[in-house]
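Just final.cif here, mmCIF, C-alpha atoms:
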```cif
data_run
loop_
_atom_site.label_atom_id
_atom_site.label_comp_id
_atom_site.auth_asym_id
_atom_site.auth_seq_id
_atom_site.Cartn_x
_atom_site.Cartn_y
_atom_site.Cartn_z
CA MET A 248 0.00 0.00 0.00
CA LYS A 249 1.23 3.49 -0.71
CA LEU A 250 2.58 5.84 1.93
CA ARG A 251 0.02 8.55 1.37
CA ARG A 252 0.46 12.18 2.34
CA LEU A 253 -2.89 13.64 1.20
CA LEU A 254 -1.31 16.61 -0.50
CA GLY A 255 -4.45 17.59 -2.37
CA VAL A 256 -6.48 18.76 0.60
CA ALA A 257 -6.61 22.50 -0.01
CA LEU A 258 -8.18 23.41 3.30
CA LEU A 259 -5.48 21.61 5.29
CA ALA A 260 -2.74 23.21 3.24
CA ALA A 261 -4.21 26.67 3.72
CA THR A 262 -4.57 26.18 7.46
CA LEU A 263 -1.02 24.95 7.90
CA SER A 264 0.41 27.64 5.66
CA SER A 265 -1.18 30.35 7.78
CA CYS A 266 0.69 28.92 10.79
CA GLY A 267 4.01 28.68 9.00
CA LEU A 268 3.86 24.89 8.61
CA THR A 269 4.21 23.00 5.36
CA VAL A 270 2.86 19.60 4.36
CA ASN A 271 5.76 17.67 2.88
CA GLN A 272 5.94 15.71 -0.35
CA ALA A 273 5.46 11.96 -0.42
CA VAL A 274 8.35 9.61 0.19
CA PRO A 275 8.36 7.42 -2.94
CA TYR A 276 8.07 4.04 -1.24
CA ASP A 277 5.45 1.33 -1.43
CA ILE A 278 4.84 0.33 2.17
CA ARG A 279 3.57 -3.22 2.50
CA PRO A 280 2.68 -4.91 5.78
CA GLY A 281 5.29 -7.09 7.42
CA SER A 282 4.99 -7.99 11.08
CA ILE A 283 2.91 -4.82 11.42
CA GLN A 284 -0.34 -6.00 9.88
CA PRO A 285 -3.36 -4.01 8.63
CA ILE A 286 -5.90 -3.11 11.31
CA PRO A 287 -9.40 -2.94 9.79
CA SER A 288 -10.57 -0.11 12.05
CA LEU A 289 -7.69 2.11 10.87
CA GLN A 290 -8.63 1.87 7.19
CA GLY A 291 -9.24 5.42 5.97
CA VAL A 292 -8.33 7.07 9.30
CA LYS A 293 -6.27 10.19 8.59
CA VAL A 294 -3.27 10.59 10.88
CA THR A 295 -0.90 13.56 10.63
CA VAL A 296 2.61 12.87 11.92
CA GLY A 297 4.79 15.79 12.95
CA SER A 298 8.39 16.15 14.00
CA LYS A 299 10.90 18.71 15.12
CA ASP A 300 13.63 19.94 12.79
CA PHE A 301 16.58 17.69 13.63
CA THR A 302 17.69 14.42 12.13
CA GLU A 303 16.73 11.98 14.88
CA ASN A 304 13.21 13.34 15.29
CA ILE A 305 12.67 13.35 11.53
CA ILE A 306 13.81 9.72 11.28
CA LEU A 307 11.42 8.79 14.09
CA ALA A 308 8.57 10.55 12.30
CA TYR A 309 9.22 8.55 9.13
CA MET A 310 9.27 5.33 11.13
CA ALA A 311 5.90 6.21 12.66
CA GLU A 312 4.48 7.10 9.26
CA MET A 313 5.57 3.81 7.74
CA ALA A 314 4.26 1.79 10.70
CA LEU A 315 0.88 3.51 10.55
CA THR A 316 0.69 3.13 6.78
CA ALA A 317 1.36 -0.61 7.12
CA ALA A 318 -1.45 -0.70 9.68
CA GLY A 319 -3.82 0.88 7.17
CA ALA A 320 -4.03 4.55 8.15
CA ASP A 321 -3.94 7.44 5.67
CA VAL A 322 -0.78 9.25 6.73
CA VAL A 323 -0.01 12.95 6.33
CA ASP A 324 3.63 13.98 6.77
CA LEU A 325 4.27 17.19 8.69
CA SER A 326 7.86 16.55 9.74
CA ASP A 327 10.58 19.18 10.15
CA ILE A 328 8.61 21.74 12.19
CA LYS A 329 10.97 24.48 13.35
CA GLY A 330 11.46 24.43 17.12
CA SER A 331 10.09 22.44 20.04
CA ASN A 332 7.40 24.95 20.95
CA SER A 333 6.02 25.06 17.41
CA SER A 334 5.97 21.25 17.27
CA ARG A 335 4.15 21.09 20.59
CA GLN A 336 1.58 23.68 19.58
CA ALA A 337 0.91 21.81 16.35
CA LEU A 338 0.03 18.75 18.41
CA LEU A 339 -2.10 20.61 20.96
CA SER A 340 -4.03 22.49 18.26
CA GLY A 341 -4.76 19.36 16.23
CA GLN A 342 -2.57 20.23 13.25
CA THR A 343 -0.63 17.06 14.02
CA ASP A 344 -1.87 13.89 15.70
CA VAL A 345 1.40 12.10 16.51
CA THR A 346 4.81 13.45 17.43
CA TRP A 347 7.81 11.92 19.17
CA GLU A 348 8.52 13.93 22.29
CA TYR A 349 11.27 13.79 24.90
CA THR A 350 10.53 13.28 28.58
CA GLY A 351 12.91 15.99 29.81
CA THR A 352 11.50 18.52 27.35
CA GLY A 353 7.96 17.72 28.46
CA TRP A 354 8.81 17.96 32.15
CA ILE A 355 10.86 21.17 32.06
CA ASN A 356 9.75 23.15 29.03
CA TYR A 357 6.08 22.30 28.68
CA GLN A 358 5.11 21.55 32.26
CA GLY A 359 7.21 24.30 33.86
CA ASN A 360 9.28 22.28 36.34
CA GLU A 361 12.77 23.51 37.23
CA LEU A 362 14.54 20.29 38.20
CA PRO A 363 14.67 16.79 36.68
CA VAL A 364 12.83 13.96 38.42
CA PRO A 365 15.22 11.94 40.61
CA GLY A 366 15.33 8.19 40.14
CA GLY A 367 16.37 7.75 36.53
CA GLU A 368 14.75 7.33 33.14
CA LYS A 369 11.56 5.49 34.06
CA ALA A 370 10.80 7.80 36.98
CA GLN A 371 11.16 10.79 34.65
CA TYR A 372 8.95 9.12 32.04
CA GLU A 373 6.21 8.20 34.51
CA ALA A 374 6.08 11.68 36.06
CA THR A 375 6.07 13.40 32.68
CA ALA A 376 3.37 11.15 31.21
CA LYS A 377 1.09 11.52 34.23
CA ALA A 378 1.39 15.31 34.37
CA ASP A 379 0.98 15.80 30.62
CA GLU A 380 -2.25 13.83 30.50
CA GLU A 381 -3.68 15.60 33.53
CA LYS A 382 -2.64 19.15 32.56
CA PHE A 383 -2.68 19.16 28.77
CA GLY A 384 -4.64 16.14 27.57
CA VAL A 385 -1.58 14.58 25.93
CA THR A 386 -1.03 10.82 26.16
CA TRP A 387 2.47 9.34 26.14
CA LEU A 388 2.66 5.79 24.82
CA ASN A 389 4.82 3.14 26.47
CA TYR A 390 8.33 3.92 27.71
CA SER A 391 11.04 3.67 25.05
CA PRO A 392 14.73 2.85 25.66
CA LEU A 393 15.87 5.59 23.24
CA ASN A 394 17.34 8.35 25.44
CA ASP A 395 18.85 11.30 23.57
CA GLN A 396 20.41 13.58 26.17
CA TYR A 397 22.12 16.93 25.99
CA ALA A 398 25.86 16.99 26.62
CA PHE A 399 28.95 19.05 25.92
CA ALA A 400 31.61 17.77 23.55
CA VAL A 401 35.16 18.70 22.60
CA THR A 402 37.53 17.19 20.08
CA GLU A 403 39.32 14.04 21.17
CA ALA A 404 42.65 15.86 20.88
CA TYR A 405 41.46 18.79 23.03
CA GLY A 406 39.93 16.46 25.61
CA ALA A 407 43.08 14.34 25.85
CA ALA A 408 45.41 17.35 26.07
CA ASN A 409 43.41 18.88 28.92
CA ASN A 410 42.33 15.66 30.68
CA LEU A 411 38.62 16.32 30.16
CA LYS A 412 36.28 13.41 30.81
CA THR A 413 33.40 14.97 32.73
CA THR A 414 31.67 18.33 32.73
CA SER A 415 33.11 18.92 36.21
CA ASP A 416 36.58 18.48 34.65
CA LEU A 417 35.59 21.10 32.09
CA ALA A 418 34.39 23.54 34.76
CA ALA A 419 37.65 23.19 36.72
CA PHE A 420 39.70 23.64 33.54
CA LEU A 421 37.80 26.80 32.55
CA LYS A 422 38.46 28.37 35.94
CA GLN A 423 42.16 28.06 35.15
CA LYS A 424 41.74 29.00 31.46
CA PRO A 425 38.79 31.42 31.25
CA ASP A 426 39.75 32.42 27.72
CA GLN A 427 38.70 28.90 26.62
CA ALA A 428 35.13 29.30 27.91
CA VAL A 429 33.67 29.63 24.41
CA PHE A 430 30.56 27.52 23.77
CA CYS A 431 28.88 26.77 20.44
CA LEU A 432 25.17 26.45 21.25
CA GLU A 433 21.88 26.47 19.38
CA THR A 434 19.63 29.42 20.20
CA GLU A 435 16.93 27.30 21.86
CA PHE A 436 19.44 25.51 24.12
CA THR A 437 20.91 28.85 25.20
CA SER A 438 17.68 29.93 26.89
CA ARG A 439 15.62 26.83 27.71
CA GLN A 440 15.66 25.94 31.40
CA ASP A 441 16.79 22.35 30.81
CA GLY A 442 19.62 23.59 28.60
CA PHE A 443 22.54 25.95 29.17
CA PRO A 444 21.03 27.72 32.22
CA ALA A 445 20.82 24.33 33.97
CA ALA A 446 24.48 23.62 33.18
CA VAL A 447 25.63 27.06 34.36
CA LYS A 448 23.76 26.58 37.63
CA ALA A 449 25.11 23.06 38.22
CA TYR A 450 28.71 23.60 37.17
CA GLY A 451 29.28 27.28 37.89
CA PHE A 452 30.64 28.39 34.50
CA GLN A 453 31.90 31.97 34.92
CA ASN A 454 31.21 34.54 32.19
CA PRO A 455 31.08 32.08 29.30
CA THR A 456 31.13 33.35 25.74
CA VAL A 457 28.26 31.92 23.68
CA LYS A 458 28.24 31.62 19.90
CA ASN A 459 24.87 30.65 18.48
CA PHE A 460 24.75 28.15 15.61
CA GLY A 461 22.17 25.89 14.06
CA ILE A 462 22.40 22.47 15.69
CA GLY A 463 23.65 20.95 12.45
CA THR A 464 26.71 23.21 12.30
CA ILE A 465 27.82 22.96 15.94
CA TYR A 466 29.56 19.63 15.39
CA SER A 467 31.70 20.90 12.53
CA ALA A 468 32.38 24.16 14.39
CA VAL A 469 33.83 22.21 17.32
CA ALA A 470 35.75 19.86 15.02
CA SER A 471 37.27 22.81 13.14
CA GLY A 472 38.21 24.73 16.31
CA THR A 473 35.74 27.59 15.84
CA CYS A 474 34.62 26.83 19.39
CA PRO A 475 36.43 24.56 21.82
CA ILE A 476 33.17 23.35 23.40
CA GLY A 477 29.83 22.54 21.80
CA GLU A 478 26.36 21.36 22.69
CA VAL A 479 25.54 17.93 21.27
CA PHE A 480 22.83 15.31 21.31
CA THR A 481 24.29 12.07 22.64
CA THR A 482 22.77 9.92 19.87
CA ASP A 483 24.08 12.10 17.03
CA GLY A 484 26.17 10.18 14.51
CA ARG A 485 28.45 13.16 13.89
CA ILE A 486 30.08 12.56 17.28
CA SER A 487 31.87 9.47 16.00
CA GLY A 488 32.09 10.78 12.44
CA LEU A 489 34.02 13.87 13.54
CA ASN A 490 35.95 12.19 16.38
CA LEU A 491 34.43 14.24 19.20
CA ARG A 492 34.58 13.40 22.90
CA VAL A 493 31.32 13.63 24.87
CA LEU A 494 31.81 14.83 28.44
CA GLU A 495 29.84 13.02 31.12
CA ASP A 496 27.12 15.09 32.78
CA ASP A 497 28.37 13.90 36.18
CA LYS A 498 26.20 16.33 38.20
CA LYS A 499 23.08 15.34 36.26
CA ALA A 500 22.28 18.91 35.22
CA PHE A 501 20.29 17.68 32.23
CA PRO A 502 17.13 15.59 32.57
CA GLN A 503 16.53 12.22 30.94
CA TYR A 504 15.19 12.54 27.40
CA ASN A 505 13.54 9.28 26.44
CA ALA A 506 11.78 9.67 23.08
CA VAL A 507 8.15 8.50 23.11
CA PRO A 508 5.25 8.88 20.65
CA THR A 509 2.70 11.35 22.02
CA LEU A 510 -0.89 11.96 20.90
CA ARG A 511 -3.79 14.07 22.10
CA THR A 512 -5.69 11.96 24.60
CA GLU A 513 -8.99 12.47 22.81
CA PHE A 514 -7.44 11.25 19.55
CA ILE A 515 -5.91 8.07 20.96
CA LYS A 516 -9.16 7.31 22.79
CA ALA A 517 -11.02 7.60 19.49
CA HIS A 518 -8.44 5.40 17.72
CA PRO A 519 -6.81 3.12 20.34
CA GLU A 520 -5.58 0.82 17.56
CA LEU A 521 -2.87 3.41 16.80
CA ARG A 522 -1.07 2.38 19.95
CA ALA A 523 0.23 -1.05 18.87
CA PRO A 524 2.14 -0.12 15.66
CA LEU A 525 3.70 2.95 17.28
CA GLU A 526 4.75 1.10 20.42
CA THR A 527 6.22 -1.70 18.31
CA VAL A 528 8.62 0.78 16.73
CA ALA A 529 9.35 2.59 20.00
CA ALA A 530 10.33 -0.64 21.77
CA ALA A 531 12.72 -1.65 18.98
CA ILE A 532 14.91 1.47 18.69
CA ASP A 533 17.73 2.23 21.12
CA ASN A 534 20.68 4.60 21.40
CA ASP A 535 23.24 2.49 19.54
CA GLN A 536 20.93 1.98 16.58
CA MET A 537 19.96 5.65 16.46
CA ILE A 538 23.60 6.77 16.51
CA GLU A 539 24.20 4.63 13.41
CA LEU A 540 21.04 5.87 11.66
CA CYS A 541 21.90 9.52 12.35
CA LYS A 542 25.45 8.91 11.11
CA GLN A 543 24.07 7.58 7.84
CA VAL A 544 22.16 10.85 7.35
CA ASP A 545 24.50 13.48 8.78
CA VAL A 546 27.90 11.97 7.93
CA ASP A 547 27.25 9.67 4.98
CA GLY A 548 24.70 11.98 3.33
CA LYS A 549 21.82 9.51 2.99
CA ASP A 550 18.18 10.61 2.89
CA ALA A 551 16.42 10.37 6.27
CA GLY A 552 13.36 8.72 4.72
CA LYS A 553 15.49 6.05 3.05
CA VAL A 554 17.38 5.39 6.28
CA ALA A 555 14.10 4.94 8.17
CA TYR A 556 12.71 2.74 5.39
CA ASP A 557 15.76 0.45 5.39
CA TRP A 558 15.57 0.08 9.18
CA MET A 559 11.86 -0.77 9.04
CA LEU A 560 12.61 -3.39 6.36
CA GLU A 561 15.50 -4.84 8.35
CA LYS A 562 13.25 -5.22 11.41
CA GLY A 563 10.60 -6.91 9.30
CA PHE A 564 7.94 -4.39 10.26
CA ILE A 565 7.22 -3.68 6.58
CA LYS A 566 7.98 -5.31 3.23
#
```

Would you encode the structure as structure tokens?
Amino acid sequence: MKLRRLLGVALLAATLSSCGLTVNQAVPYDIRPGSIQPIPSLQGVKVTVGSKDFTENIILAYMAEMALTAAGADVVDLSDIKGSNSSRQALLSGQTDVTWEYTGTGWINYQGNELPVPGGEKAQYEATAKADEEKFGVTWLNYSPLNDQYAFAVTEAYGAANNLKTTSDLAAFLKQKPDQAVFCLETEFTSRQDGFPAAVKAYGFQNPTVKNFGIGTIYSAVASGTCPIGEVFTTDGRISGLNLRVLEDDKKAFPQYNAVPTLRTEFIKAHPELRAPLETVAAAIDNDQMIELCKQVDVDGKDAGKVAYDWMLEKGFIK
């Protein structure tokens, strides 16, 4: 069956355009059921899948789209929405029906908490899911092992020369060498409470210089020496591709960020059959696999849709 994107619906296109969102073109793949089988009650059900604007989240969106297509839904692609807040508002307003969200982002940014939940990944997931359903009518599907955390990275050569293994090592080093306190950060990370402000509070960085970059260019900026220190996502394939060293967040400044499909509660209650195909994918992806998939896109130059398609085929979810 075709992966359908319903591009001819003029009203939808007009609505999304007015909000700065764009329905994407179809990925040219025939999606046929594998272990994910058609569900009769999903035949003809339109499901719009959104994502944020970075590689991992886009790959996850494609996986969800292919799983739901195999299950029989009519899928609309709305991936690559710019910024977490825009992606969240698209879900809350009904412009999207499914988006992969991160537990730390939900807990800190959307729910307004200042500190991570103690007790590890599952404790953070359970608290976030409970609060989001109660406060915002958003349902988080089952816990997923994929945990894409924030961290700081330096080049392997810089880390070895200065004996940097943890972020506490970095903080101590910068007290001795304040001229090296130059951070490459994305604009959102610079201001969001679970981002740089949390690190400054935990590690006591003094008068750091911040250079704002798009997340995709931070890795090369660190590798080239434009900045000695950069913000990274721990599952990003460019870490290994560019020989960067990730510094351990030893004071746990950053929350856990398990990636989980989220839907409006009213939507999943109306279509509970959506749960099984999405949770099948969520249970199968982990950090090591995602690092490799992101590397294929960001280092090897492959298309994110093709990378997701090949992974779904390899798992036997589709044919």

For stretch 523-526 of chain A, please output as a count of residues only all residues within 12 Å (counting only C-alpha atoms; exclusion window: fewer than 6 positions along the same chain). 42

Best match for closeness to A:Ile306 among A:Gly477, A:Gly552, A:Gly472, A:Gly484, counting only C-alpha atoms: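 So, comparing all the options, the nearest one is A:Gly552.
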
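Evaluating the PyMOL selection byres ((chain A and resi 394) around 10) against the shown model yields Tyr349, Thr350, Gly351, Glu368, Ser391, Pro392, Leu393, Asp395, Gln396, Tyr397, Phe480, Thr481, Thr482, Gln503, Tyr504, Asn505, Ala506, Val507, Ile532, Asp533, Asn534 and Met537 of chain A.
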
To one decimal place in Å, what is the distance between atom CA of A:Lys377 and atom CA of A:Ser340?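 Computed distance, atom CA of A:Lys377 to atom CA of A:Ser340, equals 20.0 Å.
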
Closest of A:Gly291, A:Gly341, A:Gly359, A:Gly297 to A:Asp441 - atom-to-atom distances counting all atoms listed in the file: A:Gly359

What is the atom CA of A:Asn304 to atom CA of A:Thr414 distance in Å? 25.9 Å

Report the distance between atom CA of A:Lys498 and atom CA of A:Pro365 in Å, rounded to one decimal place.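 Atom-to-atom, atom CA of A:Lys498 and atom CA of A:Pro365 are spaced 12.1 Å apart.
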
Env of A:Asp379: 9 Å cut, atoms = all atoms listed in the file, seq-sep filter 4 positions within chain, self excluded. Answer as number ranges by chain. A: 353-354, 357-358, 374-375, 383-387

Complete the atoms of stretch 284-309 of chain A to N, CA and C atoms and put them out as a compact mmCIF listing (two decimals), keeping the file's coordinate frame.
```
# COMPACT_ATOMS: atom_id res chain seq x y z
N GLN A 284 0.72 -5.59 10.78
CA GLN A 284 -0.34 -6.00 9.88
C GLN A 284 -1.46 -4.96 9.82
N PRO A 285 -2.24 -4.94 8.72
CA PRO A 285 -3.36 -4.01 8.63
C PRO A 285 -4.36 -4.22 9.77
N ILE A 286 -4.88 -3.11 10.26
CA ILE A 286 -5.90 -3.11 11.31
C ILE A 286 -7.17 -2.56 10.68
N PRO A 287 -8.20 -3.38 10.53
CA PRO A 287 -9.40 -2.94 9.79
C PRO A 287 -9.96 -1.60 10.24
N SER A 288 -9.96 -1.35 11.54
CA SER A 288 -10.57 -0.11 12.05
C SER A 288 -9.75 1.13 11.73
N LEU A 289 -8.51 0.95 11.25
CA LEU A 289 -7.69 2.11 10.87
C LEU A 289 -7.80 2.44 9.39
N GLN A 290 -8.48 1.60 8.62
CA GLN A 290 -8.63 1.87 7.19
C GLN A 290 -9.33 3.22 6.98
N GLY A 291 -8.66 4.12 6.27
CA GLY A 291 -9.24 5.42 5.97
C GLY A 291 -9.11 6.45 7.07
N VAL A 292 -8.52 6.11 8.21
CA VAL A 292 -8.33 7.07 9.30
C VAL A 292 -7.12 7.95 8.96
N LYS A 293 -7.35 9.26 8.90
CA LYS A 293 -6.27 10.19 8.59
C LYS A 293 -5.47 10.49 9.86
N VAL A 294 -4.16 10.34 9.76
CA VAL A 294 -3.27 10.59 10.88
C VAL A 294 -2.13 11.47 10.40
N THR A 295 -1.98 12.65 11.00
CA THR A 295 -0.90 13.56 10.63
C THR A 295 0.25 13.40 11.62
N VAL A 296 1.42 13.10 11.10
CA VAL A 296 2.61 12.87 11.92
C VAL A 296 3.53 14.07 11.79
N GLY A 297 3.87 14.65 12.94
CA GLY A 297 4.79 15.79 12.95
C GLY A 297 6.14 15.42 13.51
N SER A 298 7.09 16.32 13.36
CA SER A 298 8.39 16.15 14.00
C SER A 298 9.04 17.50 14.17
N LYS A 299 10.05 17.53 15.00
CA LYS A 299 10.90 18.71 15.12
C LYS A 299 11.89 18.73 13.95
N ASP A 300 12.81 19.69 13.98
CA ASP A 300 13.63 19.94 12.79
C ASP A 300 15.05 19.42 12.92
N PHE A 301 15.25 18.28 13.59
CA PHE A 301 16.58 17.69 13.63
C PHE A 301 16.50 16.23 13.23
N THR A 302 17.64 15.69 12.84
CA THR A 302 17.69 14.42 12.13
C THR A 302 16.99 13.30 12.88
N GLU A 303 17.32 13.09 14.15
CA GLU A 303 16.73 11.98 14.88
C GLU A 303 15.21 12.05 14.90
N ASN A 304 14.66 13.21 15.19
CA ASN A 304 13.21 13.34 15.29
C ASN A 304 12.54 13.15 13.93
N ILE A 305 13.20 13.57 12.87
CA ILE A 305 12.67 13.35 11.53
C ILE A 305 12.67 11.87 11.18
N ILE A 306 13.76 11.17 11.51
CA ILE A 306 13.81 9.72 11.28
C ILE A 306 12.69 9.02 12.03
N LEU A 307 12.49 9.39 13.29
CA LEU A 307 11.42 8.79 14.09
C LEU A 307 10.05 9.04 13.48
N ALA A 308 9.85 10.24 12.94
CA ALA A 308 8.57 10.55 12.30
C ALA A 308 8.34 9.64 11.10
N TYR A 309 9.37 9.44 10.28
CA TYR A 309 9.22 8.55 9.13
C TYR A 309 8.91 7.12 9.57
```
